[in-house]
Amino acid sequence: MNTHALSEAPVRSRAVGDLPFHRRFYWLVRREILENRSIYLAPLGVAVLIVIGFGFRLVRVAKLDSQDLRGEQPFTFPALLLMGTTMLVAIFYCVDALYGERRDRSILFWKSLPVSDHETVLAKAAIPILVIPLITFVATFVVQVIMLLLAGARGLDLWSGLSFGQMTWILFYHLLLGHGFWYAPFWGWLLLASAWARRAPFLWATLPLLCVGLLEKIAFNSVHFGYWLGNRLAADPMAGRASPHQEMTMAGITPLGWVQFLTSPGFWFGLMLTAAFLAAAARLRRVRGPN
Amino acid sequence: MSCIEARGLRKTYGATVAVDGIDLQVEEGRILGLIGPNGAGKTTALNAILGLTSYEGELRVLGRDPWRERERLMRDVCFIADVAVLPRWIRVAQLLDCVAGVHPGFDRAKAESFLQRTTVKSASKVRELSKGMVTQLHLAIVMAIDVRLLVLDEPTLGLDILFRKQFYDSLLNDYFEGTRTIVVATHQVEEVEHVLTDLMFIDRGRIVFRRTMEEVEARFAELAAKPEQVAAARALRPIAERQSLGRTVMLFEGVERERLAALGEVRTPGIADLFVAIVGGQQGVTP
């Protein structure tokens with residue numbers, strides 16, 4: 001630094017001490033949730049609807065055969081509904097996360113705070129990777145417990161039909177590893193498109209993927225990219241090794257398979273891709289001013 | 001040490017040169033007014049100082065390179081970019097929480113006590129506040145942060161005169177002390193005139209004028225010449241001349257006030273007149 005003509009020792013900061021990273025990060029994540037209340041309101045709303053609907057069914061159907069409600073079916077359906085909801089929330093969140101702050105110029109305020117672009121982007125990425133899967137898990141778990149209690153109050157014996165504990169574990173792993181980490185490159189890509197777009201971030205998020213697929217088809221008459229993308233989105237971490245026509249399965253991310261999942265090259269490749277996308281997004285956020 | 005030091009600071013956007021080789025030194029404890037027409041490069045220069053844009057040349061703010069160390073620098077620097085940058089969805093109390101959560105130098109109690117003097121309520125959302133109230137809120141946050149350098153870029157744009165006056169009054173009375181430095185860029189020179197210690201005109205990416213206010217007072221004089229003395233006054237080579245209410249008003253540089261006093265009324269020129277004479281005329285004065 002001394003080679004620099006203007007360099008002097010940096011001035012000592014007046015601020016007493018330094019805020020620890022975890023505290024800063026907590027507030028960055030909390031800020032995102034404050035701004036995007038749909039992160040918890042949407043699953044909450046859907047959860048309430050499911051419980052009301054289920055209660056209605058229990059009351060309306062006069063003679064209820066517990067055979068009707070036996071098995072996983074009445075419980076997996078709400079889980080899928082909640083997953084679908086929060087997946088949509090996550091997509092909309094990511095596409096707007098780095099675009100919205102430039103559109104409303106609030107980026108100029110956030111940049112006046114001592115927070116780096118990397119920290120900001122990381123906090124935004126934590127929403128679809130960690131926060132939304134965990135919220136989905138809690139919402140689904142609570143809904144399923146309420147459903148079981150309601151059915152029990154109606155005198156239906158549903159507990160024997162399924163191993164609730166194991167279901168819950170599968171759900172937890174599926175959400176955190178599947179929706180969070182397996183999809184991480186997907187979330188990273190959406191955040192990158194959000195940081196890149198001066199307008200229409202949704203088009204930037206989708207069209208380039210389509211173009212790559214089309215280009216590959218035209219130039220090489222192959223569909224590797226589309227196939228890879230499809231597999232990734234089908235949440236099948238084993239797809240790379242499995243036969244191409246294997247059905248979508250949760251087997252790879254059940255508790256039994258999680259070691260296998262965490263050591264699969266697809267998982268690590270995805271994480272590297274995510275890191276690259278997020279680094280690029282942070283770089284763009286540094287360079288791009290308000291729209 | 002200097003608060004801001006720049007040598008050959010330059011920024012181009014494609015073929016457009018926004019800042020064209022600025023040399024600048026701002027000492028601690030000064031209040032510098034950056035005055036220039038639209039597109040003169042004020043905002044670009046300030047953005048470089050704040051680490052919001054890359055640049056060519058050398059620049060040190062509080063001894064740091066702002067482009068590479070923005071987040072570190074922002075512990076000791078704060079800025080108000082313009083009136084409308086506070087996030088509109090947030091509640092006042094949440095905003096204070098968020099700043100307190102990430103800024104080690106933020107004193108929440110201080111911000112709240114500033115806000116108590118205004119009509120801004122902590123449960124309100126920013127979108128519900130008037131433009132003036134948003135500025136008060138932003139100022140309250142900034143004033144509660146213990147920084148060394150405060151940069152204001154058109155902070156009072158679009159506010160009515162009462163708010164503008166109040167803004168600079170609070171800034172001066174509640175915030176400014178000898179070890180803080182303030183840089184303010186604005187069009188509305190009338191409000192800042194009495195606040196500044198230093199004055200800088202910037203035009204087409206270059207600094208065309210740089211004086212302390214004492215120097216301005218000592219060097220420049222405005223003469224409302226008596227009609228019969230106009231010719232005599234012109235002989236002293238004014239740097240600008242205009243007609244005002246039927247009188248000939250001339251601006252002089254480096255002419256003793258005693259000599260001028262014989263020719264009419266003498267006073268210190270306003271920044272606006274000085275600006276028009278120097279940037280508008282571009283004659284006689286070397287920066």
# chains A, B, ... in the order shown; residues from 1 in each chain; ligands from 1
call {"tool": "residues_around", "arguments": {"residues": "region 148-158 of chain B", "least_positions_apart": "6", "cutoff": "7 Å", "atoms": "only C-alpha atoms", "output": "number ranges by chain"}}
result
B: 43, 76-83, 164, 179-186
call {"tool": "interface_residues", "arguments": {"of": "chain B", "to": "chain A", "cutoff": "7 Å", "atoms": "only C-alpha atoms", "output": "list in words"}}
result
Thr53, Arg60, Leu62, Gly63, Arg64, Glu71, Arg72, Met74, Arg75, Asp76, Cys78, Phe79, Ala81, Val85, Leu86, Pro87, Trp89, Ile90, Cys98, Gly101, Val102, His103, Pro104, Gly105 and Asp146 of chain B
call {"tool": "write_last_selection", "arguments": {"atoms": "C-alpha atoms", "output": "tab-separated table (two decimals), in the first residue's frame"}}
result
chain	number	residue	atom	x	y	z
B	53	THR	CA	-18.59	3.38	-8.87
B	60	ARG	CA	-8.34	7.96	-0.88
B	62	LEU	CA	-10.12	8.44	5.16
B	63	GLY	CA	-7.03	6.64	3.90
B	64	ARG	CA	-8.97	3.92	2.07
B	71	GLU	CA	-18.27	-1.75	3.33
B	72	ARG	CA	-15.36	-0.96	5.63
B	74	MET	CA	-19.19	2.94	5.38
B	75	ARG	CA	-18.54	2.56	9.08
B	76	ASP	CA	-17.05	6.04	9.00
B	78	CYS	CA	-22.58	8.00	5.54
B	79	PHE	CA	-24.51	9.48	2.67
B	81	ALA	CA	-28.18	10.03	-2.07
B	85	VAL	CA	-34.07	6.11	-1.37
B	86	LEU	CA	-35.48	4.82	1.91
B	87	PRO	CA	-37.29	1.53	1.24
B	89	TRP	CA	-42.30	-0.94	2.45
B	90	ILE	CA	-40.55	-0.65	5.79
B	98	CYS	CA	-32.25	-2.96	10.68
B	101	GLY	CA	-28.51	-4.61	13.51
B	102	VAL	CA	-25.77	-4.00	10.96
B	103	HIS	CA	-24.15	-0.68	11.86
B	104	PRO	CA	-21.73	-0.68	14.81
B	105	GLY	CA	-21.78	3.12	15.04
B	146	ASP	CA	-21.06	8.48	14.48
call {"tool": "residues_around", "arguments": {"residues": "region 172-178 of chain A", "least_positions_apart": "3", "cutoff": "6 Å", "atoms": "only C-alpha atoms", "output": "VMD selection string"}}
result
chain A and resid 133 169 181 to 182 253
call {"tool": "atom_distance", "arguments": {"atom1": "CA of Gly33 (chain B)", "atom2": "CA of Arg108 (chain B)"}}
result
28.9 Å
call {"tool": "residues_around", "arguments": {"residues": "Leu271 (chain A)", "least_positions_apart": "5", "cutoff": "12 Å", "atoms": "only C-alpha atoms", "output": "PyMOL selection string"}}
result
chain A and resi 129+177+180-189+262-266+276-278
call {"tool": "write_last_selection", "arguments": {"atoms": "C-alpha atoms", "output": "mmCIF file, in the first residue's frame"}}
result
data_model
loop_
_atom_site.group_PDB
_atom_site.id
_atom_site.type_symbol
_atom_site.label_atom_id
_atom_site.label_comp_id
_atom_site.auth_asym_id
_atom_site.auth_seq_id
_atom_site.Cartn_x
_atom_site.Cartn_y
_atom_site.Cartn_z
ATOM 1 C CA ILE A 129 -32.047 -22.283 0.493
ATOM 2 C CA LEU A 177 -31.676 -31.033 0.974
ATOM 3 C CA GLY A 180 -32.887 -25.945 -0.463
ATOM 4 C CA PHE A 181 -29.564 -27.415 -1.502
ATOM 5 C CA TRP A 182 -30.386 -29.518 -4.547
ATOM 6 C CA TYR A 183 -32.214 -26.563 -6.063
ATOM 7 C CA ALA A 184 -29.544 -24.108 -4.886
ATOM 8 C CA PRO A 185 -28.077 -23.545 -8.381
ATOM 9 C CA PHE A 186 -31.576 -22.815 -9.580
ATOM 10 C CA TRP A 187 -32.035 -20.176 -6.842
ATOM 11 C CA GLY A 188 -28.569 -18.830 -7.565
ATOM 12 C CA TRP A 189 -29.416 -18.496 -11.235
ATOM 13 C CA LEU A 262 -24.237 -35.470 0.300
ATOM 14 C CA THR A 263 -21.386 -37.358 -1.329
ATOM 15 C CA SER A 264 -22.872 -37.402 -4.819
ATOM 16 C CA PRO A 265 -20.968 -35.390 -7.430
ATOM 17 C CA GLY A 266 -24.237 -33.799 -8.589
ATOM 18 C CA ALA A 276 -20.359 -19.066 -9.045
ATOM 19 C CA PHE A 277 -23.829 -17.608 -9.667
ATOM 20 C CA LEU A 278 -23.902 -15.863 -6.297
#
call {"tool": "residues_around", "arguments": {"residues": "region 263-275 of chain B", "least_positions_apart": "5", "cutoff": "7 Å", "atoms": "only C-alpha atoms", "output": "compact mmCIF listing (two decimals) with C-alpha atoms, in the first residue's frame"}}
result
# COMPACT_ATOMS: atom_id res chain seq x y z
CA VAL B 189 -27.33 27.25 -3.25
CA GLU B 193 -24.61 29.43 1.45
CA GLU B 217 -15.17 37.05 1.05
CA PHE B 220 -14.62 38.78 -4.40
CA ALA B 221 -16.84 41.80 -4.12
CA GLU B 222 -20.07 42.80 -5.73
CA LEU B 223 -20.63 46.39 -6.57
CA ALA B 224 -23.96 48.03 -7.29
CA ALA B 225 -22.45 50.93 -9.15
CA LYS B 226 -23.85 54.45 -9.00
CA GLN B 229 -19.62 55.70 -11.78
CA ALA B 233 -16.12 50.79 -12.27
call {"tool": "closest_residue", "arguments": {"among": "A:Val51, A:Ala234, A:Ala42, A:Leu88", "to": "Leu148 (chain A)", "atoms": "only C-alpha atoms"}}
result
A:Val51
call {"tool": "residues_around", "arguments": {"residues": "Arg219 (chain B)", "least_positions_apart": "2", "cutoff": "10 Å", "atoms": "only C-alpha atoms", "output": "list in words"}}
result
Arg211, Met213, Glu214, Glu215, Val216, Glu217, Ala221, Phe252, Glu253, Gly254, Val255, Glu256, Arg257 and Thr268 of chain B
call {"tool": "atom_distance", "arguments": {"atom1": "CA of Ala195 (chain A)", "atom2": "CA of Leu98 (chain A)"}}
result
4.9 Å
call {"tool": "select_by_dssp", "arguments": {"residues": "region 65-197 of chain B", "states": "strand (DSSP E or B)", "output": "list in words"}}
result
Val77, Cys78, Phe79, Ile80, Arg91, Phe106, Lys125, Ile145, Leu149, Leu150, Val151, Leu152, Asp153, Thr181, Ile182, Val183, Val184 and Ala185 of chain B
call {"tool": "atom_distance", "arguments": {"atom1": "CA of Val61 (chain B)", "atom2": "CA of Arg204 (chain B)"}}
result
23.0 Å
call {"tool": "residues_around", "arguments": {"residues": "Ser122 (chain B)", "least_positions_apart": "5", "cutoff": "10 Å", "atoms": "only C-alpha atoms", "output": "list in words"}}
result
Arg91, Val92, Ala93, Gln94, Leu95, Leu96, Glu112, Leu115, Gln116 and Leu137 of chain B
call {"tool": "closest_residue", "arguments": {"among": "B:Ile4, B:Val99, B:Ala18, B:Ala261", "to": "Leu59 (chain B)", "atoms": "only C-alpha atoms"}}
result
B:Ile4
call {"tool": "closest_residue", "arguments": {"among": "A:Phe267, A:Phe77, A:Tyr93, A:Tyr99", "to": "Pro128 (chain A)", "atoms": "only C-alpha atoms"}}
result
A:Tyr93
call {"tool": "select_by_dssp", "arguments": {"residues": "region 32-265 of chain A", "states": "alpha helix (DSSP H)", "output": "count of residues only"}}
result
151
